[in-house]
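Trainee: Supplied structure: structure.pdb, PDB, C-alpha atoms, pLDDT in the B column.
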```pdb
MODEL        1
ATOM      1  CA  MET A   1     152.149 104.404 115.522  1.00 88.00           C
ATOM      2  CA  GLY A   2     149.151 106.054 117.038  1.00 95.00           C
ATOM      3  CA  SER A   3     149.097 108.826 119.590  1.00 97.00           C
ATOM      4  CA  VAL A   4     147.334 110.043 122.710  1.00 97.00           C
ATOM      5  CA  HIS A   5     146.416 113.662 123.444  1.00 98.00           C
ATOM      6  CA  ARG A   6     145.317 114.030 127.051  1.00 98.00           C
ATOM      7  CA  ARG A   7     142.959 116.838 127.868  1.00 97.00           C
ATOM      8  CA  VAL A   8     144.870 118.987 130.340  1.00 96.00           C
ATOM      9  CA  SER A   9     142.347 121.793 130.859  1.00 93.00           C
ATOM     10  CA  GLU A  10     138.884 122.856 129.779  1.00 87.00           C
ATOM     11  CA  ARG A  11     140.352 124.040 126.488  1.00 87.00           C
ATOM     12  CA  GLY A  12     143.720 122.411 126.128  1.00 95.00           C
ATOM     13  CA  TRP A  13     145.202 119.097 125.011  1.00 97.00           C
ATOM     14  CA  GLU A  14     148.781 117.831 125.189  1.00 96.00           C
ATOM     15  CA  GLY A  15     150.413 118.128 121.788  1.00 95.00           C
ATOM     16  CA  VAL A  16     147.602 120.203 120.259  1.00 96.00           C
ATOM     17  CA  ALA A  17     147.927 123.953 119.583  1.00 92.00           C
ATOM     18  CA  ALA A  18     144.837 126.162 119.640  1.00 94.00           C
ATOM     19  CA  GLU A  19     144.251 128.277 116.556  1.00 94.00           C
ATOM     20  CA  ALA A  20     142.320 131.546 116.434  1.00 94.00           C
ATOM     21  CA  TYR A  21     140.757 133.500 113.588  1.00 94.00           C
ATOM     22  CA  ALA A  22     141.793 136.885 112.229  1.00 92.00           C
ATOM     23  CA  ASP A  23     138.183 137.822 111.360  1.00 94.00           C
ATOM     24  CA  PRO A  24     136.918 140.090 114.194  1.00 93.00           C
ATOM     25  CA  GLU A  25     133.435 138.584 113.797  1.00 93.00           C
ATOM     26  CA  LEU A  26     134.937 135.288 114.955  1.00 96.00           C
ATOM     27  CA  ALA A  27     136.746 136.781 117.947  1.00 94.00           C
ATOM     28  CA  GLY A  28     137.318 134.229 120.673  1.00 96.00           C
ATOM     29  CA  VAL A  29     136.543 131.186 118.536  1.00 97.00           C
ATOM     30  CA  GLU A  30     139.231 128.527 119.013  1.00 97.00           C
ATOM     31  CA  LYS A  31     140.001 125.541 116.812  1.00 97.00           C
ATOM     32  CA  HIS A  32     142.027 122.601 118.128  1.00 98.00           C
ATOM     33  CA  GLU A  33     143.053 119.979 115.582  1.00 97.00           C
ATOM     34  CA  LEU A  34     142.884 116.930 117.839  1.00 98.00           C
ATOM     35  CA  ILE A  35     143.716 114.409 115.119  1.00 98.00           C
ATOM     36  CA  GLY A  36     145.153 115.173 111.715  1.00 96.00           C
ATOM     37  CA  PRO A  37     148.247 114.953 109.562  1.00 95.00           C
ATOM     38  CA  ALA A  38     150.514 115.572 112.577  1.00 95.00           C
ATOM     39  CA  ASP A  39     149.330 112.194 113.897  1.00 97.00           C
ATOM     40  CA  GLY A  40     149.676 110.496 110.535  1.00 96.00           C
ATOM     41  CA  ALA A  41     145.916 110.591 109.936  1.00 96.00           C
ATOM     42  CA  ALA A  42     145.396 110.848 106.183  1.00 94.00           C
ATOM     43  CA  ALA A  43     141.692 110.062 105.803  1.00 94.00           C
ATOM     44  CA  TYR A  44     140.033 112.695 108.020  1.00 96.00           C
ATOM     45  CA  ARG A  45     140.659 115.411 110.599  1.00 97.00           C
ATOM     46  CA  VAL A  46     139.028 115.569 114.045  1.00 98.00           C
ATOM     47  CA  ARG A  47     138.800 119.070 115.451  1.00 98.00           C
ATOM     48  CA  TYR A  48     137.343 120.634 118.604  1.00 98.00           C
ATOM     49  CA  PHE A  49     135.809 124.095 118.334  1.00 98.00           C
ATOM     50  CA  ARG A  50     135.152 126.349 121.291  1.00 98.00           C
ATOM     51  CA  VAL A  51     132.798 129.267 120.700  1.00 98.00           C
ATOM     52  CA  PRO A  52     132.665 131.929 123.433  1.00 97.00           C
ATOM     53  CA  VAL A  53     129.441 133.157 125.013  1.00 98.00           C
ATOM     54  CA  GLY A  54     127.666 135.265 122.403  1.00 97.00           C
ATOM     55  CA  GLY A  55     129.957 134.091 119.625  1.00 98.00           C
ATOM     56  CA  ARG A  56     129.520 132.088 116.451  1.00 98.00           C
ATOM     57  CA  THR A  57     131.489 130.295 113.763  1.00 98.00           C
ATOM     58  CA  ALA A  58     131.636 131.566 110.196  1.00 97.00           C
ATOM     59  CA  LEU A  59     128.388 131.464 108.232  1.00 97.00           C
ATOM     60  CA  GLU A  60     129.727 129.668 105.192  1.00 97.00           C
ATOM     61  CA  ARG A  61     129.438 126.938 102.630  1.00 97.00           C
ATOM     62  CA  HIS A  62     132.198 124.933 100.960  1.00 96.00           C
ATOM     63  CA  ALA A  63     132.686 121.718  99.050  1.00 96.00           C
ATOM     64  CA  HIS A  64     133.692 119.541 101.986  1.00 96.00           C
ATOM     65  CA  ASP A  65     131.287 118.142 104.558  1.00 97.00           C
ATOM     66  CA  HIS A  66     131.359 118.129 108.381  1.00 98.00           C
ATOM     67  CA  GLY A  67     130.349 115.627 111.031  1.00 98.00           C
ATOM     68  CA  VAL A  68     129.594 117.375 114.321  1.00 98.00           C
ATOM     69  CA  VAL A  69     128.908 116.182 117.882  1.00 98.00           C
ATOM     70  CA  ILE A  70     127.970 118.870 120.419  1.00 98.00           C
ATOM     71  CA  GLU A  71     130.069 118.463 123.574  1.00 97.00           C
ATOM     72  CA  HIS A  72     128.847 121.246 125.882  1.00 97.00           C
ATOM     73  CA  GLY A  73     126.721 124.366 125.857  1.00 98.00           C
ATOM     74  CA  ARG A  74     123.730 125.203 123.685  1.00 98.00           C
ATOM     75  CA  ALA A  75     123.877 125.865 119.948  1.00 98.00           C
ATOM     76  CA  ARG A  76     121.737 127.558 117.355  1.00 98.00           C
ATOM     77  CA  VAL A  77     122.724 125.708 114.215  1.00 98.00           C
ATOM     78  CA  THR A  78     122.061 127.022 110.725  1.00 98.00           C
ATOM     79  CA  LEU A  79     121.860 124.136 108.283  1.00 98.00           C
ATOM     80  CA  GLY A  80     120.796 125.219 104.821  1.00 97.00           C
ATOM     81  CA  ASP A  81     117.523 127.076 105.305  1.00 97.00           C
ATOM     82  CA  GLU A  82     116.801 125.359 108.640  1.00 97.00           C
ATOM     83  CA  ARG A  83     117.661 126.399 112.182  1.00 98.00           C
ATOM     84  CA  HIS A  84     117.986 123.964 115.065  1.00 98.00           C
ATOM     85  CA  GLU A  85     118.565 124.566 118.753  1.00 98.00           C
ATOM     86  CA  LEU A  86     120.797 121.769 119.985  1.00 98.00           C
ATOM     87  CA  GLY A  87     122.701 120.667 123.064  1.00 98.00           C
ATOM     88  CA  PRO A  88     125.213 118.125 124.357  1.00 97.00           C
ATOM     89  CA  GLY A  89     125.242 114.811 122.524  1.00 97.00           C
ATOM     90  CA  ASP A  90     123.265 116.092 119.564  1.00 98.00           C
ATOM     91  CA  VAL A  91     124.719 115.302 116.153  1.00 98.00           C
ATOM     92  CA  VAL A  92     124.775 117.332 112.919  1.00 98.00           C
ATOM     93  CA  TYR A  93     125.840 116.274 109.459  1.00 98.00           C
ATOM     94  CA  VAL A  94     126.646 119.264 107.243  1.00 98.00           C
ATOM     95  CA  ALA A  95     126.612 118.141 103.610  1.00 98.00           C
ATOM     96  CA  GLY A  96     129.041 119.555 101.058  1.00 97.00           C
ATOM     97  CA  ASN A  97     128.063 123.030  99.822  1.00 97.00           C
ATOM     98  CA  GLU A  98     125.461 123.408 102.567  1.00 98.00           C
ATOM     99  CA  LEU A  99     125.281 126.745 104.371  1.00 98.00           C
ATOM    100  CA  HIS A 100     126.123 126.334 108.059  1.00 98.00           C
ATOM    101  CA  CYS A 101     126.882 128.260 111.237  1.00 98.00           C
ATOM    102  CA  PHE A 102     127.185 127.305 114.916  1.00 98.00           C
ATOM    103  CA  GLU A 103     126.202 130.013 117.382  1.00 98.00           C
ATOM    104  CA  ALA A 104     126.626 129.802 121.172  1.00 98.00           C
ATOM    105  CA  LEU A 105     123.350 130.319 123.030  1.00 98.00           C
ATOM    106  CA  GLY A 106     122.949 131.103 126.712  1.00 96.00           C
ATOM    107  CA  ASP A 107     125.637 131.878 129.242  1.00 97.00           C
ATOM    108  CA  GLU A 108     128.204 129.164 128.648  1.00 97.00           C
ATOM    109  CA  PRO A 109     130.657 128.547 125.813  1.00 98.00           C
ATOM    110  CA  LEU A 110     129.725 126.104 123.072  1.00 98.00           C
ATOM    111  CA  GLY A 111     132.054 123.192 122.406  1.00 98.00           C
ATOM    112  CA  PHE A 112     131.785 120.676 119.600  1.00 98.00           C
ATOM    113  CA  VAL A 113     133.799 118.000 117.863  1.00 98.00           C
ATOM    114  CA  CYS A 114     133.890 118.482 114.097  1.00 98.00           C
ATOM    115  CA  VAL A 115     135.155 115.898 111.626  1.00 98.00           C
ATOM    116  CA  ALA A 116     136.266 116.959 108.156  1.00 97.00           C
ATOM    117  CA  PRO A 117     137.995 115.285 105.254  1.00 95.00           C
ATOM    118  CA  PRO A 118     141.692 115.991 104.698  1.00 93.00           C
ATOM    119  CA  ARG A 119     142.574 119.429 103.385  1.00 85.00           C
ATOM    120  CA  GLU A 120     143.714 117.912 100.110  1.00 62.00           C
ATOM    121  CA  SER A 121     140.178 116.910  99.192  1.00 46.00           C
ATOM    122  CA  GLY A 122     138.711 120.384  99.135  1.00 45.00           C
ATOM    123  CA  GLY A 123     139.023 121.613 102.686  1.00 45.00           C
ATOM    124  CA  ASP A 124     140.620 124.890 103.601  1.00 51.00           C
ATOM    125  CA  ILE A 125     142.638 125.738 106.680  1.00 45.00           C
ATOM    126  CA  ALA A 126     139.987 127.829 108.353  1.00 48.00           C
ATOM    127  CA  SER A 127     137.119 125.370 108.382  1.00 62.00           C
TER     128      SER A 127
ATOM    129  CA  MET B 128     121.136 118.056 102.477  1.00 89.00           C
ATOM    130  CA  GLY B 129     122.542 117.490 105.889  1.00 95.00           C
ATOM    131  CA  SER B 130     120.814 115.982 108.877  1.00 97.00           C
ATOM    132  CA  VAL B 131     120.371 116.301 112.635  1.00 97.00           C
ATOM    133  CA  HIS B 132     120.263 113.400 115.097  1.00 98.00           C
ATOM    134  CA  ARG B 133     119.111 114.612 118.478  1.00 98.00           C
ATOM    135  CA  ARG B 134     120.238 112.659 121.498  1.00 97.00           C
ATOM    136  CA  VAL B 135     117.030 111.428 123.102  1.00 96.00           C
ATOM    137  CA  SER B 136     118.455 109.390 125.971  1.00 93.00           C
ATOM    138  CA  GLU B 137     121.778 108.436 127.515  1.00 87.00           C
ATOM    139  CA  ARG B 138     122.259 105.886 124.757  1.00 87.00           C
ATOM    140  CA  GLY B 139     119.890 106.807 121.978  1.00 95.00           C
ATOM    141  CA  TRP B 140     119.720 109.205 119.034  1.00 97.00           C
ATOM    142  CA  GLU B 141     116.842 109.990 116.684  1.00 96.00           C
ATOM    143  CA  GLY B 142     117.347 108.188 113.398  1.00 95.00           C
ATOM    144  CA  VAL B 143     120.243 106.045 114.645  1.00 96.00           C
ATOM    145  CA  ALA B 144     119.893 102.335 115.426  1.00 92.00           C
ATOM    146  CA  ALA B 145     122.108 100.711 118.054  1.00 94.00           C
ATOM    147  CA  GLU B 146     124.042  97.655 116.954  1.00 94.00           C
ATOM    148  CA  ALA B 147     125.280  94.870 119.207  1.00 94.00           C
ATOM    149  CA  TYR B 148     127.912  92.173 118.744  1.00 94.00           C
ATOM    150  CA  ALA B 149     127.401  88.424 118.486  1.00 92.00           C
ATOM    151  CA  ASP B 150     130.716  87.681 120.229  1.00 94.00           C
ATOM    152  CA  PRO B 151     129.902  86.894 123.897  1.00 93.00           C
ATOM    153  CA  GLU B 152     133.178  88.538 124.972  1.00 93.00           C
ATOM    154  CA  LEU B 153     131.709  91.804 123.705  1.00 96.00           C
ATOM    155  CA  ALA B 154     128.363  91.389 125.470  1.00 94.00           C
ATOM    156  CA  GLY B 155     126.696  94.695 126.147  1.00 96.00           C
ATOM    157  CA  VAL B 156     128.900  96.746 123.824  1.00 97.00           C
ATOM    158  CA  GLU B 157     126.768  99.018 121.645  1.00 97.00           C
ATOM    159  CA  LYS B 158     127.739 100.788 118.445  1.00 97.00           C
ATOM    160  CA  HIS B 159     125.718 103.725 117.129  1.00 98.00           C
ATOM    161  CA  GLU B 160     126.621 104.997 113.663  1.00 97.00           C
ATOM    162  CA  LEU B 161     125.883 108.684 114.228  1.00 98.00           C
ATOM    163  CA  ILE B 162     127.031 109.813 110.781  1.00 98.00           C
ATOM    164  CA  GLY B 163     127.643 107.607 107.782  1.00 96.00           C
ATOM    165  CA  PRO B 164     126.341 106.583 104.411  1.00 95.00           C
ATOM    166  CA  ALA B 165     122.724 106.909 105.599  1.00 95.00           C
ATOM    167  CA  ASP B 166     123.376 110.666 105.898  1.00 97.00           C
ATOM    168  CA  GLY B 167     125.179 110.858 102.574  1.00 96.00           C
ATOM    169  CA  ALA B 168     128.585 111.002 104.262  1.00 96.00           C
ATOM    170  CA  ALA B 169     131.068 109.369 101.909  1.00 94.00           C
ATOM    171  CA  ALA B 170     134.433 110.384 103.372  1.00 94.00           C
ATOM    172  CA  TYR B 171     134.221 109.073 106.957  1.00 96.00           C
ATOM    173  CA  ARG B 172     131.934 107.527 109.563  1.00 97.00           C
ATOM    174  CA  VAL B 173     131.333 108.929 113.062  1.00 98.00           C
ATOM    175  CA  ARG B 174     130.280 106.315 115.600  1.00 98.00           C
ATOM    176  CA  TYR B 175     129.534 106.290 119.328  1.00 98.00           C
ATOM    177  CA  PHE B 176     130.500 103.223 121.326  1.00 98.00           C
ATOM    178  CA  ARG B 177     129.121 102.412 124.735  1.00 98.00           C
ATOM    179  CA  VAL B 178     131.009  99.804 126.754  1.00 98.00           C
ATOM    180  CA  PRO B 179     129.276  98.466 129.868  1.00 97.00           C
ATOM    181  CA  VAL B 180     130.882  98.352 133.304  1.00 98.00           C
ATOM    182  CA  GLY B 181     133.533  95.630 133.204  1.00 97.00           C
ATOM    183  CA  GLY B 182     133.331  95.342 129.429  1.00 98.00           C
ATOM    184  CA  ARG B 183     135.716  95.993 126.553  1.00 98.00           C
ATOM    185  CA  THR B 184     135.820  96.342 122.802  1.00 98.00           C
ATOM    186  CA  ALA B 185     137.532  93.765 120.608  1.00 97.00           C
ATOM    187  CA  LEU B 186     141.304  93.493 120.935  1.00 97.00           C
ATOM    188  CA  GLU B 187     142.119  93.781 117.266  1.00 97.00           C
ATOM    189  CA  ARG B 188     144.137  95.311 114.486  1.00 97.00           C
ATOM    190  CA  HIS B 189     143.057  96.143 110.936  1.00 96.00           C
ATOM    191  CA  ALA B 190     144.121  98.267 108.004  1.00 96.00           C
ATOM    192  CA  HIS B 191     141.927 101.277 108.759  1.00 96.00           C
ATOM    193  CA  ASP B 192     142.651 103.858 111.427  1.00 97.00           C
ATOM    194  CA  HIS B 193     140.464 105.345 114.185  1.00 98.00           C
ATOM    195  CA  GLY B 194     140.118 108.779 115.702  1.00 98.00           C
ATOM    196  CA  VAL B 195     138.683 108.574 119.228  1.00 98.00           C
ATOM    197  CA  VAL B 196     137.423 111.134 121.748  1.00 98.00           C
ATOM    198  CA  ILE B 197     136.433 109.796 125.183  1.00 98.00           C
ATOM    199  CA  GLU B 198     133.004 111.126 126.188  1.00 97.00           C
ATOM    200  CA  HIS B 199     132.366 109.640 129.631  1.00 97.00           C
ATOM    201  CA  GLY B 200     133.741 107.045 132.004  1.00 98.00           C
ATOM    202  CA  ARG B 201     137.301 105.817 132.415  1.00 98.00           C
ATOM    203  CA  ALA B 202     139.182 103.736 129.855  1.00 98.00           C
ATOM    204  CA  ARG B 203     142.170 101.462 129.805  1.00 98.00           C
ATOM    205  CA  VAL B 204     143.345 101.795 126.230  1.00 98.00           C
ATOM    206  CA  THR B 205     145.649  99.316 124.563  1.00 98.00           C
ATOM    207  CA  LEU B 206     147.553 101.012 121.742  1.00 98.00           C
ATOM    208  CA  GLY B 207     150.207  98.806 120.219  1.00 97.00           C
ATOM    209  CA  ASP B 208     152.404  97.706 123.117  1.00 97.00           C
ATOM    210  CA  GLU B 209     151.340 100.660 125.302  1.00 97.00           C
ATOM    211  CA  ARG B 210     148.547 101.000 127.821  1.00 98.00           C
ATOM    212  CA  HIS B 211     146.982 104.297 128.799  1.00 98.00           C
ATOM    213  CA  GLU B 212     144.375 105.129 131.422  1.00 98.00           C
ATOM    214  CA  LEU B 213     142.194 107.880 129.998  1.00 98.00           C
ATOM    215  CA  GLY B 214     139.059 109.839 130.768  1.00 98.00           C
ATOM    216  CA  PRO B 215     136.593 112.355 129.321  1.00 97.00           C
ATOM    217  CA  GLY B 216     137.999 114.657 126.676  1.00 97.00           C
ATOM    218  CA  ASP B 217     141.124 112.585 126.094  1.00 98.00           C
ATOM    219  CA  VAL B 218     141.934 111.778 122.477  1.00 98.00           C
ATOM    220  CA  VAL B 219     143.423 108.671 120.867  1.00 98.00           C
ATOM    221  CA  TYR B 220     144.621 108.150 117.327  1.00 98.00           C
ATOM    222  CA  VAL B 221     144.811 104.459 116.418  1.00 98.00           C
ATOM    223  CA  ALA B 222     146.997 104.058 113.327  1.00 98.00           C
ATOM    224  CA  GLY B 223     146.261 101.471 110.661  1.00 97.00           C
ATOM    225  CA  ASN B 224     147.298  97.943 111.649  1.00 97.00           C
ATOM    226  CA  GLU B 225     147.864  98.998 115.253  1.00 98.00           C
ATOM    227  CA  LEU B 226     146.594  96.691 117.986  1.00 98.00           C
ATOM    228  CA  HIS B 227     143.899  98.399 120.061  1.00 98.00           C
ATOM    229  CA  CYS B 228     141.270  97.776 122.717  1.00 98.00           C
ATOM    230  CA  PHE B 229     139.090 100.049 124.879  1.00 98.00           C
ATOM    231  CA  GLU B 230     138.182  98.666 128.294  1.00 98.00           C
ATOM    232  CA  ALA B 231     135.747 100.285 130.747  1.00 98.00           C
ATOM    233  CA  LEU B 232     137.342 100.943 134.148  1.00 98.00           C
ATOM    234  CA  GLY B 233     135.519 101.701 137.367  1.00 96.00           C
ATOM    235  CA  ASP B 234     131.816 101.644 138.026  1.00 97.00           C
ATOM    236  CA  GLU B 235     130.375 103.571 135.107  1.00 97.00           C
ATOM    237  CA  PRO B 236     130.017 102.724 131.420  1.00 98.00           C
ATOM    238  CA  LEU B 237     132.609 103.998 128.982  1.00 98.00           C
ATOM    239  CA  GLY B 238     131.441 106.095 126.053  1.00 98.00           C
ATOM    240  CA  PHE B 239     133.532 107.347 123.161  1.00 98.00           C
ATOM    241  CA  VAL B 240     133.183 108.853 119.722  1.00 98.00           C
ATOM    242  CA  CYS B 241     135.150 106.934 117.098  1.00 98.00           C
ATOM    243  CA  VAL B 242     135.810 108.168 113.576  1.00 98.00           C
ATOM    244  CA  ALA B 243     136.691 105.710 110.840  1.00 97.00           C
ATOM    245  CA  PRO B 244     137.110 105.880 107.081  1.00 95.00           C
ATOM    246  CA  PRO B 245     134.296 104.561 104.910  1.00 93.00           C
ATOM    247  CA  ARG B 246     133.856 100.798 104.788  1.00 85.00           C
ATOM    248  CA  GLU B 247     134.961 100.737 101.172  1.00 62.00           C
ATOM    249  CA  SER B 248     138.492 101.758 102.065  1.00 46.00           C
ATOM    250  CA  GLY B 249     139.308  98.768 104.209  1.00 45.00           C
ATOM    251  CA  GLY B 250     136.892  98.993 107.123  1.00 45.00           C
ATOM    252  CA  ASP B 251     134.666  96.157 108.162  1.00 51.00           C
ATOM    253  CA  ILE B 252     131.172  96.325 109.626  1.00 45.00           C
ATOM    254  CA  ALA B 253     132.158  95.410 113.150  1.00 48.00           C
ATOM    255  CA  SER B 254     134.832  98.014 113.792  1.00 61.00           C
TER     256      SER B 254
ENDMDL
END
```
Any chance you could put this one into structure tokens?

Mentor:
Amino acid sequence: MGSVHRRVSERGWEGVAAEAYADPELAGVEKHELIGPADGAAAYRVRYFRVPVGGRTALERHAHDHGVVIEHGRARVTLGDERHELGPGDVVYVAGNELHCFEALGDEPLGFVCVAPPRESGGDIAS
Amino acid sequence: MGSVHRRVSERGWEGVAAEAYADPELAGVEKHELIGPADGAAAYRVRYFRVPVGGRTALERHAHDHGVVIEHGRARVTLGDERHELGPGDVVYVAGNELHCFEALGDEPLGFVCVAPPRESGGDIAS
């Protein structure tokens, strides 16, 4: 059976717990796993990330890829050796082993949906 | 290498072609494959569907699952034998072989992001 997670606030969904990061450089960054193993989804995970004003996600590379849709705010996106300034509705594909970082620009938080393969196929918990 | 698809209009992205459906019951429904094999993405596809006022997607079931995030508009969602009225930010997981349909309610088009596994694992072109 499928499931529904209603958005109940700007940063909250029914049945979805927000996760934070221990790294002080990522203070205030929240990850919400909207769809994943808890729903029975075995093929991919759908997450929402909220980056506070002035914040950023980890600058990192790893074997698994990401599919990203910007939901709100402005982003400076590092993608390999490129940088892009993006906004709502813009789409980013981060290939496997490609350096990437999402930084909030301006005076509002950055929110984006980020799809990743299941953890079993090379993902880690943090990203 | 990854890729960026900037949103250039309410219903258009750079480097992404809109697809329509031959079925007259699905007139006006557009599918945009935002991320997929054309980007080198092998593990999942990220699509955006736009359903016109008064329209709906196919009422169907199939082996592959869907992960959906409502972007704009109001939806009446059929999920198995349940119906849910949902709006922006709400999330739906459609399990494999579960009956589903997304219908636009009210006077604005419905838009949603829909993740699916690659076609090779049981998906078809239409959904």

Trainee: Could you check the closest approach to Ala75 of chain A for each of A:Asn97, A:Thr57, A:Ser9, A:Ser3 and tell me which residue wins, using only C-alpha atoms?

Mentor: A:Thr57

Trainee: Please evaluate the PyMOL selection byres ((chain A) within 6 of (chain B)) against the displayed coordinates and give the resulting residues as a list of chain:residue names.

Mentor: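 With the PyMOL selection byres ((chain A) within 6 of (chain B)) on this model, the match is A:Met1, A:Gly2, A:Ser3, A:Val4, A:His5, A:Arg6, A:Arg7, A:Gly89, A:Asp90, A:Val91, A:Val92, A:Tyr93, A:Val94, A:Ala95.
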
Trainee: One decimal, Å: what's the distance from atom CA of Pro24 of chain A over to atom CA of Arg47 of chain A, could you say?

Mentor: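 Straight-line distance from atom CA of Pro24 of chain A to atom CA of Arg47 of chain A works out to 21.1 Å.
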
Trainee: Take chain B, superimpose it onto chain A by least squares using every C-alpha atom paired in sequence order, and output the result as a compact mmCIF listing (two decimals) with C-alpha atoms, keeping the file's coordinate frame.

Mentor:
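Final output, selection.txt:
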```
# COMPACT_ATOMS: atom_id res chain seq x y z
CA MET B 128 152.15 104.39 115.52
CA GLY B 129 149.16 106.06 117.02
CA SER B 130 149.11 108.82 119.59
CA VAL B 131 147.33 110.05 122.71
CA HIS B 132 146.42 113.67 123.45
CA ARG B 133 145.32 114.03 127.04
CA ARG B 134 142.96 116.84 127.86
CA VAL B 135 144.86 119.00 130.35
CA SER B 136 142.34 121.79 130.86
CA GLU B 137 138.87 122.85 129.77
CA ARG B 138 140.34 124.04 126.48
CA GLY B 139 143.71 122.41 126.13
CA TRP B 140 145.19 119.10 125.00
CA GLU B 141 148.77 117.83 125.18
CA GLY B 142 150.41 118.13 121.79
CA VAL B 143 147.61 120.20 120.26
CA ALA B 144 147.92 123.94 119.58
CA ALA B 145 144.84 126.17 119.64
CA GLU B 146 144.25 128.28 116.56
CA ALA B 147 142.33 131.55 116.44
CA TYR B 148 140.77 133.50 113.58
CA ALA B 149 141.80 136.88 112.21
CA ASP B 150 138.20 137.82 111.35
CA PRO B 151 136.92 140.07 114.19
CA GLU B 152 133.43 138.58 113.79
CA LEU B 153 134.93 135.29 114.95
CA ALA B 154 136.75 136.78 117.95
CA GLY B 155 137.32 134.23 120.67
CA VAL B 156 136.55 131.18 118.53
CA GLU B 157 139.23 128.53 119.01
CA LYS B 158 139.99 125.54 116.81
CA HIS B 159 142.02 122.60 118.12
CA GLU B 160 143.05 119.98 115.57
CA LEU B 161 142.88 116.93 117.84
CA ILE B 162 143.71 114.41 115.11
CA GLY B 163 145.16 115.17 111.71
CA PRO B 164 148.24 114.96 109.57
CA ALA B 165 150.50 115.58 112.58
CA ASP B 166 149.33 112.18 113.90
CA GLY B 167 149.68 110.49 110.53
CA ALA B 168 145.92 110.59 109.93
CA ALA B 169 145.40 110.85 106.18
CA ALA B 170 141.70 110.07 105.78
CA TYR B 171 140.04 112.69 108.01
CA ARG B 172 140.66 115.40 110.59
CA VAL B 173 139.02 115.57 114.04
CA ARG B 174 138.80 119.07 115.47
CA TYR B 175 137.34 120.64 118.61
CA PHE B 176 135.82 124.10 118.34
CA ARG B 177 135.15 126.34 121.29
CA VAL B 178 132.80 129.27 120.70
CA PRO B 179 132.66 131.92 123.43
CA VAL B 180 129.44 133.16 125.01
CA GLY B 181 127.66 135.28 122.39
CA GLY B 182 129.97 134.09 119.63
CA ARG B 183 129.53 132.08 116.44
CA THR B 184 131.49 130.28 113.77
CA ALA B 185 131.63 131.56 110.20
CA LEU B 186 128.39 131.47 108.24
CA GLU B 187 129.73 129.67 105.20
CA ARG B 188 129.43 126.94 102.64
CA HIS B 189 132.19 124.93 100.96
CA ALA B 190 132.68 121.71 99.05
CA HIS B 191 133.68 119.54 102.00
CA ASP B 192 131.28 118.13 104.56
CA HIS B 193 131.35 118.13 108.38
CA GLY B 194 130.36 115.63 111.02
CA VAL B 195 129.60 117.37 114.33
CA VAL B 196 128.91 116.18 117.87
CA ILE B 197 127.97 118.86 120.42
CA GLU B 198 130.06 118.47 123.59
CA HIS B 199 128.85 121.25 125.89
CA GLY B 200 126.73 124.37 125.85
CA ARG B 201 123.73 125.20 123.69
CA ALA B 202 123.87 125.87 119.95
CA ARG B 203 121.73 127.55 117.36
CA VAL B 204 122.72 125.70 114.22
CA THR B 205 122.07 127.02 110.75
CA LEU B 206 121.86 124.14 108.28
CA GLY B 207 120.81 125.22 104.82
CA ASP B 208 117.53 127.08 105.29
CA GLU B 209 116.82 125.37 108.64
CA ARG B 210 117.66 126.39 112.18
CA HIS B 211 117.99 123.96 115.05
CA GLU B 212 118.56 124.56 118.75
CA LEU B 213 120.80 121.76 119.99
CA GLY B 214 122.70 120.67 123.07
CA PRO B 215 125.22 118.12 124.37
CA GLY B 216 125.25 114.81 122.54
CA ASP B 217 123.27 116.08 119.56
CA VAL B 218 124.72 115.31 116.15
CA VAL B 219 124.78 117.33 112.93
CA TYR B 220 125.84 116.27 109.46
CA VAL B 221 126.65 119.26 107.25
CA ALA B 222 126.63 118.15 103.61
CA GLY B 223 129.04 119.56 101.05
CA ASN B 224 128.08 123.03 99.82
CA GLU B 225 125.48 123.41 102.56
CA LEU B 226 125.29 126.74 104.37
CA HIS B 227 126.13 126.32 108.06
CA CYS B 228 126.88 128.26 111.23
CA PHE B 229 127.18 127.30 114.92
CA GLU B 230 126.20 130.01 117.39
CA ALA B 231 126.63 129.79 121.17
CA LEU B 232 123.34 130.32 123.04
CA GLY B 233 122.95 131.11 126.71
CA ASP B 234 125.63 131.89 129.23
CA GLU B 235 128.20 129.17 128.65
CA PRO B 236 130.65 128.55 125.81
CA LEU B 237 129.72 126.11 123.08
CA GLY B 238 132.05 123.20 122.40
CA PHE B 239 131.79 120.67 119.60
CA VAL B 240 133.80 118.00 117.86
CA CYS B 241 133.89 118.48 114.09
CA VAL B 242 135.16 115.90 111.63
CA ALA B 243 136.27 116.96 108.17
CA PRO B 244 138.00 115.29 105.25
CA PRO B 245 141.68 116.00 104.71
CA ARG B 246 142.58 119.44 103.40
CA GLU B 247 143.70 117.95 100.11
CA SER B 248 140.17 116.92 99.19
CA GLY B 249 138.68 120.38 99.14
CA GLY B 250 139.02 121.62 102.71
CA ASP B 251 140.62 124.89 103.61
CA ILE B 252 142.65 125.74 106.70
CA ALA B 253 139.99 127.83 108.37
CA SER B 254 137.11 125.37 108.37
```

Trainee: With a distance cut-off of 10 Å and all atoms listed in the file, select the neighbouring residues of Ala154 of chain B, excluding the residue or stretch itself and same-chain residues fewer than 2 positions from it, and output the selection as a VMD selection string.

Mentor: chain B and resid 147 to 152 156 to 157 178 to 179 182 to 184

Trainee: Next, the residues of the selection above should be written as a JSON list (two decimals), in the coordinates of the input with C-alpha atoms.

Mentor:
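Contents of out31.json, freshly written:
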```json
[["chain", "number", "residue", "atom", "x", "y", "z"],
["B", 147, "ALA", "CA", 125.28, 94.87, 119.21],
["B", 148, "TYR", "CA", 127.91, 92.17, 118.74],
["B", 149, "ALA", "CA", 127.40, 88.42, 118.49],
["B", 150, "ASP", "CA", 130.72, 87.68, 120.23],
["B", 151, "PRO", "CA", 129.90, 86.89, 123.90],
["B", 152, "GLU", "CA", 133.18, 88.54, 124.97],
["B", 156, "VAL", "CA", 128.90, 96.75, 123.82],
["B", 157, "GLU", "CA", 126.77, 99.02, 121.64],
["B", 178, "VAL", "CA", 131.01, 99.80, 126.75],
["B", 179, "PRO", "CA", 129.28, 98.47, 129.87],
["B", 182, "GLY", "CA", 133.33, 95.34, 129.43],
["B", 183, "ARG", "CA", 135.72, 95.99, 126.55],
["B", 184, "THR", "CA", 135.82, 96.34, 122.80]]
```
